[in-house]
Amino acid sequence: MFNLQQIFSVTLTLFAVIDIVGSIPIIIQIRQREGEIKAELATFVAGCLMVAFLFVGQSLLGLLGVDNQSFALAGAVVIFLIGLEMILGIELFKSDMSGSTGSIVPLAFPLIVGAGTMTTLLSLRAAYSLPNVLVGIVLNLIFVYVVLKTSPWIERKLGKGGEDILRRVFGVILLAIAIKLFKTNF
């Protein structure tokens, strides 16, 4: 049933795809725009999305007539736009200041659980046993929660200059990831 090697592989694969450490500049930007990040809400929504997609993702995409490549391309467009926001210092994703939805969109989806995470979950489901994939998801969600919860501390440690540099560097990286996703799936 539980296999430590499988759990380790799933956890590392999801950790690399989610890349919550690389998302720190975006998290800081969202927190500045929204006033706060609801770490519990974002983690819960991300977890629900991952588990739901693990169980019904392939069927849902098939029902909608969407193939994995189209799904990945849609995710690439969103990642590209987030990267542009970071580099150019513009706001494409308008925030709803009354509802503070930044913890859900774009944080929980598509940043934490984007097209890359969802397609990876489909691949992991095919390669590993379900309990091990679920444990890998939970371990990643714990790390995501810790990063989200400590984002004010991380921001203070980086300072304004460090934050600006990190935001632009990771903006370029997000653009590169989006272009790679586009090239791979077009």
# chains A, B, ... in the order shown; residues from 1 in each chain; ligands from 1
>>> residues_around(residues="Phe71 (chain A)", least_positions_apart="5", cutoff="9 Å", atoms="only C-alpha atoms", output="PyMOL selection string")
chain A and resi 61+66+76+115+119
>>> write_last_selection(atoms="all heavy atoms", output="short mmCIF file (atom, residue, chain, number, x, y, z; two decimals), in the first residue's frame")
data_model
loop_
_atom_site.label_atom_id
_atom_site.label_comp_id
_atom_site.auth_asym_id
_atom_site.auth_seq_id
_atom_site.Cartn_x
_atom_site.Cartn_y
_atom_site.Cartn_z
N LEU A 61 -11.91 16.44 -18.53
CA LEU A 61 -11.35 16.96 -19.77
C LEU A 61 -11.96 16.26 -20.98
O LEU A 61 -12.28 16.89 -21.99
CB LEU A 61 -9.82 16.82 -19.79
CG LEU A 61 -9.05 17.72 -18.83
CD1 LEU A 61 -7.55 17.45 -18.92
CD2 LEU A 61 -9.34 19.18 -19.08
N VAL A 66 -11.70 18.52 -24.17
CA VAL A 66 -10.43 19.23 -24.08
C VAL A 66 -9.31 18.21 -23.89
O VAL A 66 -9.37 17.38 -22.98
CB VAL A 66 -10.44 20.22 -22.88
CG1 VAL A 66 -9.10 20.90 -22.73
CG2 VAL A 66 -11.55 21.24 -23.04
N ALA A 76 -0.49 27.94 -19.97
CA ALA A 76 0.67 28.72 -20.44
C ALA A 76 0.30 30.18 -20.63
O ALA A 76 1.08 31.08 -20.29
CB ALA A 76 1.21 28.13 -21.73
N ALA A 115 -2.12 24.30 -14.79
CA ALA A 115 -2.17 23.25 -15.81
C ALA A 115 -1.04 22.25 -15.63
O ALA A 115 -1.22 21.05 -15.79
CB ALA A 115 -2.12 23.87 -17.20
N THR A 119 -1.82 18.32 -15.03
CA THR A 119 -1.38 17.29 -15.97
C THR A 119 -0.37 16.36 -15.29
O THR A 119 -0.35 15.16 -15.56
CB THR A 119 -0.79 17.90 -17.25
OG1 THR A 119 0.22 18.84 -16.91
CG2 THR A 119 -1.85 18.58 -18.08
#
>>> residues_around(residues="region 20-26 of chain A", least_positions_apart="5", cutoff="8 Å", atoms="only C-alpha atoms", output="PyMOL selection string")
chain A and resi 15+86+111-112+144+147+151+163+166-167+170
>>> write_last_selection(atoms="C-alpha atoms", output="CSV table (one decimal), in the first residue's frame")
chain,number,residue,atom,x,y,z
A,15,PHE,CA,7.3,20.1,-5.4
A,86,MET,CA,5.8,40.9,-12.6
A,111,LEU,CA,-0.3,29.5,-9.4
A,112,ILE,CA,-0.3,26.5,-7.0
A,144,VAL,CA,2.8,25.5,0.5
A,147,VAL,CA,5.5,29.5,2.7
A,151,SER,CA,5.3,35.4,3.4
A,163,GLU,CA,11.7,41.9,-3.7
A,166,LEU,CA,13.3,38.6,-7.3
A,167,ARG,CA,10.0,39.6,-8.9
A,170,PHE,CA,11.0,35.1,-11.6
>>> residues_around(residues="Ala178 (chain A)", least_positions_apart="4", cutoff="8 Å", atoms="only C-alpha atoms", output="PyMOL selection string")
chain A and resi 75-77+79-80+174+182
>>> closest_residue(among="A:Gly89, A:Pro110, A:Ser123, A:Leu54", to="Ile165 (chain A)", atoms="only C-alpha atoms")
A:Gly89
>>> atom_distance(atom1="CA of Pro131 (chain A)", atom2="CA of Ala72 (chain A)")
25.6 Å
>>> decode(residues="region 19-65 of chain A", atoms="C-alpha atoms", output="mmCIF file, in the first residue's frame")
data_model
loop_
_atom_site.group_PDB
_atom_site.id
_atom_site.type_symbol
_atom_site.label_atom_id
_atom_site.label_comp_id
_atom_site.auth_asym_id
_atom_site.auth_seq_id
_atom_site.Cartn_x
_atom_site.Cartn_y
_atom_site.Cartn_z
ATOM 1 C CA ASP A 19 7.491 25.559 -7.366
ATOM 2 C CA ILE A 20 6.117 27.435 -4.368
ATOM 3 C CA VAL A 21 9.590 28.785 -3.544
ATOM 4 C CA GLY A 22 9.844 30.266 -7.039
ATOM 5 C CA SER A 23 6.399 31.765 -6.564
ATOM 6 C CA ILE A 24 7.400 33.840 -3.539
ATOM 7 C CA PRO A 25 7.601 37.103 -5.555
ATOM 8 C CA ILE A 26 4.085 36.537 -6.891
ATOM 9 C CA ILE A 27 2.820 35.675 -3.403
ATOM 10 C CA ILE A 28 4.309 38.906 -2.062
ATOM 11 C CA GLN A 29 2.774 40.872 -4.940
ATOM 12 C CA ILE A 30 -0.664 39.358 -4.292
ATOM 13 C CA ARG A 31 -0.352 40.034 -0.559
ATOM 14 C CA GLN A 32 0.560 43.674 -1.214
ATOM 15 C CA ARG A 33 -2.372 44.092 -3.601
ATOM 16 C CA GLU A 34 -4.942 42.270 -1.464
ATOM 17 C CA GLY A 35 -3.683 43.323 1.960
ATOM 18 C CA GLU A 36 -3.339 39.754 3.182
ATOM 19 C CA ILE A 37 -3.158 36.186 1.997
ATOM 20 C CA LYS A 38 -5.493 33.711 3.578
ATOM 21 C CA ALA A 39 -3.018 30.827 3.791
ATOM 22 C CA GLU A 40 -5.579 28.376 5.134
ATOM 23 C CA LEU A 41 -8.104 29.168 2.398
ATOM 24 C CA ALA A 42 -5.540 29.076 -0.419
ATOM 25 C CA THR A 43 -4.096 25.772 0.821
ATOM 26 C CA PHE A 44 -7.541 24.234 1.289
ATOM 27 C CA VAL A 45 -8.751 25.296 -2.174
ATOM 28 C CA ALA A 46 -5.498 24.104 -3.775
ATOM 29 C CA GLY A 47 -5.816 20.765 -1.983
ATOM 30 C CA CYS A 48 -9.437 20.327 -3.035
ATOM 31 C CA LEU A 49 -8.550 21.149 -6.642
ATOM 32 C CA MET A 50 -5.647 18.691 -6.685
ATOM 33 C CA VAL A 51 -7.585 15.833 -5.127
ATOM 34 C CA ALA A 52 -10.643 16.479 -7.302
ATOM 35 C CA PHE A 53 -8.542 16.631 -10.463
ATOM 36 C CA LEU A 54 -6.693 13.475 -9.414
ATOM 37 C CA PHE A 55 -9.971 11.577 -9.345
ATOM 38 C CA VAL A 56 -12.018 13.190 -12.136
ATOM 39 C CA GLY A 57 -9.536 15.203 -14.201
ATOM 40 C CA GLN A 58 -9.149 12.909 -17.180
ATOM 41 C CA SER A 59 -12.889 12.253 -17.342
ATOM 42 C CA LEU A 60 -13.719 15.948 -17.005
ATOM 43 C CA LEU A 61 -11.350 16.961 -19.775
ATOM 44 C CA GLY A 62 -12.733 14.180 -21.965
ATOM 45 C CA LEU A 63 -16.313 15.230 -21.227
ATOM 46 C CA LEU A 64 -15.516 18.805 -22.217
ATOM 47 C CA GLY A 65 -13.655 17.642 -25.298
#
